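Coordinates as given in entry_36.cif (mmCIF, C-alpha atoms and all ligand atoms):
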```cif
data_query
#
loop_
_atom_site.label_atom_id
_atom_site.label_comp_id
_atom_site.auth_asym_id
_atom_site.auth_seq_id
_atom_site.Cartn_x
_atom_site.Cartn_y
_atom_site.Cartn_z
CA MET A 295 1.17 -25.44 -11.34
CA GLN A 296 0.44 -24.63 -14.96
CA ILE A 297 0.86 -21.53 -17.09
CA GLN A 298 -2.60 -20.64 -18.43
CA GLU A 299 -3.49 -18.45 -21.41
CA ASN A 300 -5.82 -15.48 -21.84
CA ILE A 301 -6.99 -15.17 -18.23
CA SER A 302 -9.17 -12.34 -16.87
CA LEU A 303 -7.44 -10.25 -14.18
CA LEU A 304 -10.76 -8.89 -12.85
CA PRO A 305 -10.68 -11.04 -9.67
CA PHE A 306 -7.04 -10.16 -9.02
CA ASN A 307 -7.10 -6.34 -8.80
CA THR A 308 -9.00 -4.35 -6.16
CA PHE A 309 -9.87 -1.59 -8.67
CA ARG A 310 -11.91 -4.34 -10.37
CA ILE A 311 -10.68 -3.51 -13.86
CA ALA A 312 -11.61 -6.08 -16.52
CA VAL A 313 -8.48 -6.75 -18.58
CA ASN A 314 -6.85 -10.04 -19.64
CA ALA A 315 -3.36 -11.43 -19.22
CA LYS A 316 -1.78 -13.29 -22.16
CA TYR A 317 -0.23 -15.81 -19.70
CA PHE A 318 -1.07 -16.37 -16.04
CA VAL A 319 0.32 -18.67 -13.35
CA GLU A 320 -0.06 -18.98 -9.59
CA VAL A 321 2.93 -20.24 -7.56
CA LYS A 322 2.64 -21.69 -4.06
CA THR A 323 6.31 -22.26 -3.18
CA ILE A 324 9.70 -20.71 -3.87
CA VAL A 325 10.65 -23.78 -5.90
CA GLU A 326 7.56 -23.34 -8.13
CA LEU A 327 8.44 -19.66 -8.53
CA GLN A 328 12.00 -20.56 -9.54
CA SER A 329 10.75 -23.03 -12.12
CA VAL A 330 8.41 -20.42 -13.67
CA LEU A 331 11.24 -17.88 -13.75
CA ALA A 332 13.40 -20.42 -15.61
CA SER A 333 10.68 -21.15 -18.22
CA ASP A 334 10.86 -19.96 -21.82
CA ILE A 335 7.51 -18.17 -21.50
CA CYS A 336 8.91 -16.12 -18.63
CA LYS A 337 12.19 -15.37 -20.37
CA GLN A 338 10.44 -14.31 -23.61
CA ASN A 339 7.67 -12.15 -22.16
CA LYS A 340 7.31 -9.13 -19.94
CA LEU A 341 6.39 -9.92 -16.38
CA LEU A 342 3.85 -8.63 -13.87
CA VAL A 343 3.92 -9.99 -10.32
CA LEU A 344 0.65 -9.78 -8.40
CA GLY A 345 0.13 -9.97 -4.68
CA GLY A 346 -3.30 -8.74 -3.61
CA GLY A 347 -3.49 -6.40 -6.63
CA SER A 348 -4.45 -3.61 -4.24
CA ASN A 349 -2.00 -0.93 -5.35
CA LEU A 350 -2.42 -1.32 -9.06
CA LEU A 351 -4.30 0.31 -11.94
CA LEU A 352 -4.49 -1.84 -15.09
CA THR A 353 -5.08 0.39 -18.11
CA LYS A 354 -4.91 -2.26 -20.84
CA ASN A 355 -4.66 -6.02 -21.48
CA PHE A 356 -1.35 -7.35 -20.17
CA ASP A 357 0.60 -8.75 -23.09
CA GLY A 358 2.93 -10.92 -21.03
CA LEU A 359 3.12 -13.30 -18.06
CA VAL A 360 1.35 -12.56 -14.78
CA ILE A 361 2.72 -14.46 -11.78
CA ARG A 362 0.29 -14.50 -8.88
CA LEU A 363 1.98 -15.25 -5.59
CA GLY A 364 0.37 -17.98 -3.50
CA ILE A 365 3.23 -18.51 -0.99
CA LYS A 366 1.57 -18.79 2.44
CA GLY A 367 2.35 -19.75 6.05
CA ILE A 368 3.13 -18.02 9.36
CA THR A 369 5.95 -19.04 11.73
CA VAL A 370 6.52 -17.59 15.20
CA CYS A 371 9.86 -17.59 17.03
CA GLU A 372 9.82 -16.06 20.53
CA GLN A 373 12.99 -14.64 22.11
CA ASP A 374 12.63 -12.97 25.53
CA GLU A 375 10.58 -9.79 24.99
CA ASP A 376 10.81 -9.99 21.20
CA VAL A 377 8.84 -12.15 18.83
CA PHE A 378 10.02 -12.82 15.30
CA VAL A 379 7.07 -13.61 13.05
CA GLU A 380 7.64 -14.75 9.49
CA ALA A 381 4.77 -14.67 6.99
CA GLY A 382 4.54 -15.90 3.40
CA ALA A 383 4.14 -13.19 0.76
CA ALA A 384 0.58 -14.26 -0.09
CA GLU A 385 -0.79 -13.98 3.44
CA VAL A 386 -3.53 -11.33 3.40
CA TRP A 387 -2.10 -8.35 5.27
CA ASN A 388 -5.09 -7.75 7.52
CA ASP A 389 -5.43 -11.44 8.44
CA PHE A 390 -1.76 -11.41 9.42
CA VAL A 391 -2.19 -8.25 11.53
CA LEU A 392 -5.24 -9.75 13.28
CA PHE A 393 -3.28 -12.97 13.97
CA CYS A 394 -0.52 -10.91 15.66
CA VAL A 395 -3.07 -8.82 17.60
CA ALA A 396 -4.82 -11.99 18.83
CA GLN A 397 -1.47 -13.37 20.09
CA ASN A 398 -0.83 -10.03 21.84
CA PHE A 399 2.23 -9.32 19.70
CA ALA A 400 2.53 -5.54 19.44
CA GLY A 401 3.74 -3.41 16.55
CA LEU A 402 1.33 -3.86 13.64
CA GLU A 403 -2.00 -2.89 15.25
CA ASN A 404 -2.02 0.63 13.71
CA LEU A 405 -1.81 -1.03 10.29
CA THR A 406 -5.10 -2.92 10.68
CA LEU A 407 -7.31 -3.16 7.58
CA ILE A 408 -4.74 -1.96 5.04
CA PRO A 409 -5.60 -3.86 1.84
CA GLY A 410 -3.04 -6.11 0.16
CA THR A 411 -0.65 -8.90 1.04
CA VAL A 412 2.36 -9.31 3.32
CA GLY A 413 4.71 -9.58 0.33
CA ALA A 414 3.66 -6.19 -1.01
CA SER A 415 3.98 -4.43 2.33
CA PRO A 416 7.74 -3.69 2.17
CA VAL A 417 7.66 -2.55 -1.46
CA GLN A 418 6.00 0.73 -0.60
CA ASN A 419 6.70 0.65 3.16
CA ILE A 420 2.97 0.71 3.93
CA GLY A 421 1.95 3.04 6.70
CA ALA A 422 -0.99 4.47 8.60
CA TYR A 423 -1.75 6.29 11.84
CA GLY A 424 1.85 7.14 12.74
CA VAL A 425 3.34 3.71 11.99
CA GLU A 426 5.17 2.33 8.96
CA ILE A 427 6.24 -1.27 8.47
CA LYS A 428 9.89 -0.19 8.62
CA ASP A 429 9.31 0.31 12.39
CA THR A 430 8.89 -3.45 12.95
CA PHE A 431 10.48 -4.89 9.82
CA HIS A 432 13.33 -7.37 10.45
CA SER A 433 14.21 -8.95 7.09
CA LEU A 434 12.75 -10.55 3.97
CA LEU A 435 13.48 -13.35 1.51
CA ALA A 436 13.34 -12.44 -2.15
CA VAL A 437 13.96 -14.35 -5.37
CA GLU A 438 16.00 -12.68 -8.10
CA ILE A 439 14.00 -12.67 -11.34
CA ALA A 440 17.01 -13.01 -13.65
CA THR A 441 18.69 -15.90 -11.83
CA GLY A 442 16.11 -17.49 -9.47
CA GLU A 443 18.57 -17.03 -6.59
CA VAL A 444 17.17 -16.45 -3.11
CA LYS A 445 18.54 -13.48 -1.19
CA VAL A 446 17.98 -12.12 2.34
CA PHE A 447 17.43 -8.35 2.67
CA ASP A 448 17.82 -6.72 6.10
CA LYS A 449 16.23 -3.38 6.97
CA GLU A 450 19.19 -1.33 5.73
CA ALA A 451 19.25 -3.14 2.37
CA CYS A 452 15.57 -2.27 1.82
CA LYS A 453 16.27 1.53 1.98
CA PHE A 454 12.84 2.36 3.38
CA ASP A 455 11.42 5.86 3.09
CA TYR A 456 7.90 7.38 2.97
CA ARG A 457 6.01 4.96 0.64
CA GLU A 458 9.38 3.95 -0.84
CA SER A 459 11.92 1.14 -0.78
CA VAL A 460 14.76 -0.19 -2.91
CA PHE A 461 12.13 -2.43 -4.59
CA LYS A 462 10.50 0.69 -6.09
CA SER A 463 13.82 2.29 -7.12
CA ALA A 464 17.22 0.65 -7.79
CA LEU A 465 15.86 -2.92 -7.66
CA LYS A 466 12.48 -2.24 -9.29
CA ASN A 467 11.30 -5.37 -11.17
CA LYS A 468 14.46 -7.27 -10.18
CA TYR A 469 13.25 -9.31 -7.17
CA ILE A 470 10.06 -11.05 -6.04
CA ILE A 471 9.45 -11.01 -2.28
CA ALA A 472 8.62 -14.50 -0.97
CA SER A 473 8.33 -13.93 2.79
CA VAL A 474 8.83 -11.21 5.42
CA VAL A 475 10.00 -11.36 9.06
CA PHE A 476 8.70 -8.78 11.55
CA LYS A 477 10.19 -8.16 15.00
CA LEU A 478 7.24 -7.57 17.33
CA GLN A 479 7.03 -6.99 21.09
CA LYS A 480 5.38 -9.00 23.84
CA ASN A 481 5.19 -5.90 26.05
CA ALA A 482 3.21 -3.42 24.02
CA VAL A 483 4.50 0.10 23.42
CA LEU A 484 1.45 1.55 21.73
CA LYS A 485 1.63 4.43 19.25
CA LEU A 486 -1.35 6.63 20.00
CA SER A 487 -0.09 10.04 18.85
CA TYR A 488 -2.39 10.24 15.82
CA GLY A 489 -5.32 12.56 16.60
CA ALA A 490 -8.03 10.33 15.13
CA ILE A 491 -6.93 7.40 17.34
CA GLN A 492 -7.01 9.52 20.51
CA GLU A 493 -10.43 10.89 19.61
CA GLU A 494 -11.94 7.45 18.93
CA LEU A 495 -10.45 5.98 22.16
CA LYS A 496 -11.97 8.90 24.07
CA ASN A 497 -15.36 8.34 22.41
CA ARG A 498 -15.22 4.73 23.59
CA GLY A 499 -14.16 5.72 27.13
CA ILE A 500 -10.92 3.73 26.86
CA VAL A 501 -8.09 5.15 29.00
CA HIS A 502 -5.59 2.27 28.99
CA PRO A 503 -5.99 0.66 25.57
CA SER A 504 -4.89 -2.87 24.76
CA ILE A 505 -3.37 -3.89 21.43
CA GLN A 506 -6.81 -5.21 20.48
CA ASP A 507 -8.42 -1.84 21.37
CA VAL A 508 -6.01 0.04 19.09
CA SER A 509 -6.64 -2.42 16.26
CA ASP A 510 -10.43 -2.09 16.71
CA VAL A 511 -10.24 1.71 16.78
CA VAL A 512 -8.08 1.88 13.64
CA ALA A 513 -10.49 -0.48 11.87
CA ALA A 514 -13.44 1.74 12.83
CA ILE A 515 -11.66 4.90 11.61
CA ARG A 516 -10.79 3.29 8.30
CA VAL A 517 -14.26 1.83 7.72
CA ALA A 518 -15.83 5.27 8.35
CA LYS A 519 -13.48 7.04 5.96
CA LEU A 520 -12.42 4.61 3.25
CA PRO A 521 -14.40 2.56 0.72
CA ASP A 522 -14.42 -1.22 1.15
CA PRO A 523 -12.61 -2.71 -1.89
CA SER A 524 -14.85 -5.78 -1.76
CA THR A 525 -17.84 -3.62 -2.76
CA ILE A 526 -16.31 -0.52 -4.43
CA GLY A 527 -13.26 -0.89 -6.63
CA ASN A 528 -10.35 1.22 -5.35
CA ALA A 529 -6.65 1.04 -4.51
CA GLY A 530 -6.50 3.15 -1.34
CA SER A 531 -4.68 6.48 -1.64
CA PHE A 532 -4.21 7.07 -5.35
CA PHE A 533 -1.56 9.79 -4.94
CA LYS A 534 1.25 10.33 -2.46
CA ASN A 535 1.11 13.24 -0.06
CA PRO A 536 3.47 15.75 -1.73
CA VAL A 537 6.55 17.02 0.10
CA VAL A 538 7.44 20.68 -0.59
CA SER A 539 10.36 22.95 0.35
CA ALA A 540 10.07 25.41 3.24
CA ALA A 541 10.14 28.28 0.70
CA LEU A 542 7.26 26.92 -1.39
CA PHE A 543 5.35 26.13 1.78
CA GLN A 544 5.67 29.77 2.95
CA GLN A 545 4.14 30.97 -0.34
CA LEU A 546 1.34 28.42 -0.05
CA VAL A 547 0.48 29.17 3.56
CA SER A 548 0.28 32.91 2.91
CA ALA A 549 -2.17 32.30 0.05
CA PHE A 550 -4.02 29.41 1.79
CA PRO A 551 -3.62 29.78 5.59
CA GLU A 552 -5.71 26.69 6.28
CA VAL A 553 -3.54 24.32 4.17
CA VAL A 554 -3.28 20.92 5.94
CA HIS A 555 0.41 20.07 6.43
CA PHE A 556 2.82 18.05 8.52
CA PRO A 557 6.33 19.44 9.22
CA LEU A 558 9.18 17.02 8.45
CA ALA A 559 12.48 16.80 10.33
CA ASP A 560 14.48 18.28 7.41
CA GLY A 561 12.46 21.55 7.29
CA GLN A 562 10.32 20.42 4.35
CA GLU A 563 6.54 20.10 4.69
CA LYS A 564 4.28 17.22 3.74
CA LEU A 565 0.91 18.43 2.40
CA ALA A 566 -2.35 16.49 2.71
CA ALA A 567 -3.10 15.61 -0.91
CA GLY A 568 -6.72 14.86 0.06
CA TRP A 569 -7.11 18.47 1.18
CA LEU A 570 -5.56 19.89 -2.00
CA ILE A 571 -7.87 17.71 -4.13
CA GLU A 572 -10.95 18.62 -2.08
CA GLN A 573 -10.14 22.34 -2.39
CA CYS A 574 -10.18 21.95 -6.17
CA GLY A 575 -13.77 20.70 -5.91
CA TRP A 576 -13.12 17.02 -6.64
CA LYS A 577 -14.37 15.39 -3.44
CA GLY A 578 -17.21 12.94 -4.23
CA LYS A 579 -17.16 14.01 -7.88
CA GLN A 580 -17.73 11.51 -10.69
CA ILE A 581 -16.98 11.62 -14.41
CA GLY A 582 -18.29 8.61 -16.31
CA ASN A 583 -17.52 5.65 -14.07
CA ALA A 584 -14.48 7.20 -12.33
CA GLY A 585 -14.77 9.21 -9.14
CA THR A 586 -13.25 10.27 -5.83
CA TRP A 587 -14.57 8.81 -2.59
CA LYS A 588 -17.16 10.95 -0.81
CA ASN A 589 -15.33 10.83 2.54
CA GLN A 590 -11.69 10.92 1.35
CA ALA A 591 -10.78 12.72 -1.85
CA LEU A 592 -7.36 11.04 -2.07
CA VAL A 593 -9.04 7.73 -2.87
CA LEU A 594 -10.18 7.24 -6.48
CA VAL A 595 -13.00 4.76 -7.02
CA ASN A 596 -14.42 2.64 -9.80
CA CYS A 597 -18.10 3.60 -9.65
CA GLY A 598 -18.94 0.48 -11.68
CA GLY A 599 -17.47 -0.93 -14.86
CA ALA A 600 -14.81 1.78 -15.31
CA SER A 601 -11.91 1.04 -17.60
CA GLY A 602 -8.41 1.59 -16.27
CA LYS A 603 -7.91 4.30 -18.87
CA GLU A 604 -11.00 6.14 -17.61
CA ILE A 605 -9.60 6.16 -14.06
CA TYR A 606 -6.17 7.19 -15.32
CA ASP A 607 -7.59 10.09 -17.38
CA PHE A 608 -9.65 11.19 -14.36
CA SER A 609 -6.48 11.19 -12.22
CA GLU A 610 -4.76 13.31 -14.86
CA LEU A 611 -7.52 15.94 -14.58
CA ILE A 612 -6.99 16.03 -10.81
CA ILE A 613 -3.23 16.46 -11.22
CA GLN A 614 -3.76 19.34 -13.66
CA SER A 615 -6.24 21.20 -11.46
CA VAL A 616 -4.14 20.82 -8.26
CA LYS A 617 -1.14 22.08 -10.22
CA ALA A 618 -3.09 25.07 -11.56
CA LYS A 619 -4.43 26.09 -8.13
CA PHE A 620 -1.48 25.30 -5.85
CA GLY A 621 1.57 24.89 -8.13
CA VAL A 622 2.07 21.41 -6.63
CA VAL A 623 2.37 18.33 -8.85
CA LEU A 624 0.82 15.19 -7.34
CA ALA A 625 2.60 11.88 -7.93
CA ARG A 626 0.60 8.67 -8.27
CA GLU A 627 1.12 6.16 -5.49
CA VAL A 628 -0.50 3.24 -7.33
CA ASN A 629 1.41 1.30 -9.98
CA ILE A 630 0.08 1.88 -13.48
CA HIS A 631 0.25 -0.89 -16.09
N1 LIG B 701 -8.24 15.81 4.02
C1 LIG B 701 -9.17 16.66 3.48
N2 LIG B 701 -10.04 16.16 2.55
C2 LIG B 701 -10.04 14.87 2.16
C3 LIG B 701 -9.08 13.99 2.73
C4 LIG B 701 -8.19 14.49 3.65
O1 LIG B 701 -9.22 17.82 3.79
O2 LIG B 701 -10.88 14.52 1.33
C5 LIG B 701 -7.31 16.35 5.02
C6 LIG B 701 -7.87 16.30 6.42
O3 LIG B 701 -7.51 17.47 7.08
C7 LIG B 701 -7.17 15.14 7.06
C8 LIG B 701 -5.83 15.14 6.34
O4 LIG B 701 -6.12 15.58 5.01
O5 LIG B 701 -7.00 15.34 8.41
C9 LIG B 701 -5.16 13.80 6.28
O6 LIG B 701 -6.10 12.84 5.81
P1 LIG B 701 -6.04 11.31 6.32
O7 LIG B 701 -5.89 11.26 7.79
O8 LIG B 701 -7.17 10.57 5.69
O9 LIG B 701 -4.66 10.79 5.75
P2 LIG B 701 -4.00 10.91 4.31
O10 LIG B 701 -2.76 11.72 4.46
O11 LIG B 701 -4.98 11.36 3.29
C10 LIG B 701 -2.48 8.83 4.68
C11 LIG B 701 -2.13 7.58 3.94
C12 LIG B 701 -3.24 6.54 4.11
C13 LIG B 701 -3.41 6.26 5.59
C14 LIG B 701 -3.74 7.59 6.31
C15 LIG B 701 -3.85 7.44 7.82
C16 LIG B 701 -0.76 8.36 2.08
C17 LIG B 701 -0.65 8.57 0.59
N3 LIG B 701 -1.92 7.89 2.52
O12 LIG B 701 -3.62 9.38 4.03
O13 LIG B 701 -2.80 5.34 3.48
O14 LIG B 701 -4.45 5.32 5.82
O15 LIG B 701 -2.69 8.54 6.05
O16 LIG B 701 -2.59 7.36 8.40
O17 LIG B 701 0.23 8.59 2.78
C18 LIG B 701 -2.85 4.26 1.38
O18 LIG B 701 -1.64 4.47 1.30
O19 LIG B 701 -3.47 3.60 0.48
C19 LIG B 701 -3.58 4.74 2.52
C20 LIG B 701 -4.91 4.62 2.62
#
```

How would this structure read if it were set down as structure tokens?
Amino acid sequence: MQIQENISLLPFNTFRIAVNAKYFVEVKTIVELQSVLASDICKQNKLLVLGGGSNLLLTKNFDGLVIRLGIKGITVCEQDEDVFVEAGAAEVWNDFVLFCVAQNFAGLENLTLIPGTVGASPVQNIGAYGVEIKDTFHSLLAVEIATGEVKVFDKEACKFDYRESVFKSALKNKYIIASVVFKLQKNAVLKLSYGAIQEELKNRGIVHPSIQDVSDVVAAIRVAKLPDPSTIGNAGSFFKNPVVSAALFQQLVSAFPEVVHFPLADGQEKLAAGWLIEQCGWKGKQIGNAGTWKNQALVLVNCGGASGKEIYDFSELIIQSVKAKFGVVLAREVNIH
């Protein structure tokens, strides 16, 4: 393990933005991480921790230390009907999901093909097709940046919410997640409520789906709708789906009866940001090298050689036009640096 200087971050971010880091190091164990955190370079510079770099937009060279997590390994502990599976932060999320699916451990199959790493998954409580990781999360190990101390966080301590956790709010930039434990089930209780899953199962003539079937169907839905980060730079959904009050929703629905929305338990409504963006004419549109994906307007793409600033400025135009048409301000889901 060695701290390197002036390293390109192009291979380490799925938006494929070409910027450099002043210092860069990859750590493979908690002990290596602790020794980097104790180093002078770390104490004297700002820090950026990278997992898969799949929820990140780099808008300029990073004038500090980038720590890339390389902590790997999967351990399984079976207890009656439950299975506790611990995975190192650097395990690729989809490989981990497919490992669990192949063992017939249920709970993560709806989250097939989400880009990124296991360690990043709790930070924004990743979710898709009616499931969020908080549904199967058990606990995690994290290292405190200031002290190097290792701490266990249970589900309550993580304060999960829609695309949120304590690691994005009160403890932002305070801890580095080293490993995560999920509590999965040997007897599958499948979550099939999401319309697109039911439709695809029907198309395939599957009446009693297995865990593997659900994983396959989710993969097919995602491949049809979302760009593959290995060929087209992107970071998944660029914005969050906005949540609005019942009163604002009433105004919106009377002006736009076809607005796509999901009622929440507290009376508020979650709006489909992709729909709002499409209605403003942005779907499949490109300015310079920045664009929105042709099949899903919520996903911004690097059409080739875009700078981070170009993508950021493009996202600002989208925010302004959605605000002008609907009075709703979109918040970015990706981290901007
Ligand atoms: N829609 C449009 N036009 C578009 C895109 C969407 O009209 O261009 C409308 C459609 O009516 C569609 C609805 O919006 O039915 C919802 O779209 P979709 O099912 O694609 O889901 P989403 O709300 O846009 C969220 C997550 C995705 C996740 C999907 C599936 C957020 C910010 N995004 O997207 O997560 O895969 O649901 O569950 O919550 C990610 O976070 O990176 C991500 C890809």

Worksheet item: Do you know which residues are within 6 Å of ligand LIG 701 (chain B) using all atoms listed in the file? Can you write them as a ChimeraX atom specification?
Response: /A:422-423,530-531,533-535,554,566,568-569,572,577,589-592

Stretch 539-546 of chain A: which residues within 8 Å, counting all atoms listed in the file, same-chain residues fewer than 4 positions away excluded, as a short mmCIF file (atom, residue, chain, number, x, y, z; two decimals) with C-alpha atoms, keeping the file's coordinate frame?
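In the end it all went to selection-v4.cif:
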```
data_model
loop_
_atom_site.label_atom_id
_atom_site.label_comp_id
_atom_site.auth_asym_id
_atom_site.auth_seq_id
_atom_site.Cartn_x
_atom_site.Cartn_y
_atom_site.Cartn_z
CA PHE A 550 -4.02 29.41 1.79
CA PRO A 551 -3.62 29.78 5.59
CA VAL A 553 -3.54 24.32 4.17
CA GLY A 561 12.46 21.55 7.29
CA GLN A 562 10.32 20.42 4.35
CA GLU A 563 6.54 20.10 4.69
CA PHE A 620 -1.48 25.30 -5.85
#
```

Item to complete: Name all residues at most 8 Å from stretch 459-467 of chain A (count all atoms listed in the file; drop same-chain ones fewer than 4 positions away) and give them as an NGL selection string.
Response: :A and (416-419 or 439 or 451-455)

Practice prompt. Calculate how many Å separate atom CA of A:Asp357 from atom CA of A:Lys316, rounding to one decimal.
Written response: 5.2 Å

Worksheet item: Can you find the residues with an atom no farther than 9 Å from (1.3, 6.1, -6.5), counting all atoms listed in the file, and report them as a PyMOL selection string?
Response: chain A and resi 349-350+457+531-534+625-630

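Separating atom CA of A:Tyr469 from atom CA of A:Ser609 is a distance of 28.9 Å.
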
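The environment of A:Val370 within 10 Å, counting all atoms listed in the file and disregarding residues fewer than 6 places along the same chain, consists of Val377, Phe378, Val379, Glu380, Ala381, Cys394, Val475 and Phe476 of chain A.
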
Worksheet item: Hey, what's within 10 Å of stretch 443-445 of chain A if we count all atoms listed in the file and toss same-chain stuff fewer than 4 positions away? As a ChimeraX atom specification, please?
Response: /A:324,328,434-439,469-472

Taking C-alpha atoms for each residue, export the selection above as a CSV table (one decimal), in the frame of the given file.
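Written out: result.csv:
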```csv
chain,number,residue,atom,x,y,z
A,324,ILE,CA,9.7,-20.7,-3.9
A,328,GLN,CA,12.0,-20.6,-9.5
A,434,LEU,CA,12.8,-10.6,4.0
A,435,LEU,CA,13.5,-13.4,1.5
A,436,ALA,CA,13.3,-12.4,-2.2
A,437,VAL,CA,14.0,-14.4,-5.4
A,438,GLU,CA,16.0,-12.7,-8.1
A,439,ILE,CA,14.0,-12.7,-11.3
A,469,TYR,CA,13.2,-9.3,-7.2
A,470,ILE,CA,10.1,-11.0,-6.0
A,471,ILE,CA,9.4,-11.0,-2.3
A,472,ALA,CA,8.6,-14.5,-1.0
```

Worksheet item: With all atoms listed in the file as the atoms that count, which of A:Gly489, A:Gly598, A:Gly413, A:Gly621 lies nearest to A:Arg310?
Response: A:Gly598

Within 6 Å of stretch 498-515 of chain A: each stretch 393-488 of chain A residue with its shortest pair, all atoms listed in the file, as JSON lines:
```
{"residue": "A:Val395", "atom": "CA", "partner": "A:Gln506", "partner_atom": "CA", "distance": 5.9}
{"residue": "A:Glu403", "atom": "CA", "partner": "A:Ser509", "partner_atom": "CA", "distance": 4.8}
{"residue": "A:Thr406", "atom": "CA", "partner": "A:Ser509", "partner_atom": "CA", "distance": 5.8}
{"residue": "A:Leu407", "atom": "CA", "partner": "A:Ala513", "partner_atom": "CA", "distance": 6.0}
```

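Of the residues under consideration (A:Gln373, A:Ser487, A:Gly347, A:Thr441), A:Ser487 shows the shortest atom-to-atom contact distance to A:Asn404 when counting all atoms listed in the file.
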
Return the padded bounding box of stretch 560-574 of chain A as AutoDock Vina command-line options: axis-aligned, built from all atoms listed in the file, 6 Å added on each side, with centre and edge lengths in Å to one decimal.
```
--center_x 1.8 --center_y 18.6 --center_z 0.6 --size_x 37.4 --size_y 19.5 --size_z 25.6
```

Worksheet item: Using only C-alpha atoms, what residues lie at most 6 Å away from (4.9, -7.0, -9.7) (file coordinates), given as an NGL selection string?
Response: :A and (342-344)

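For the pair atom CA of A:Gly578 and atom CA of A:Asn355, the separation is 28.5 Å.
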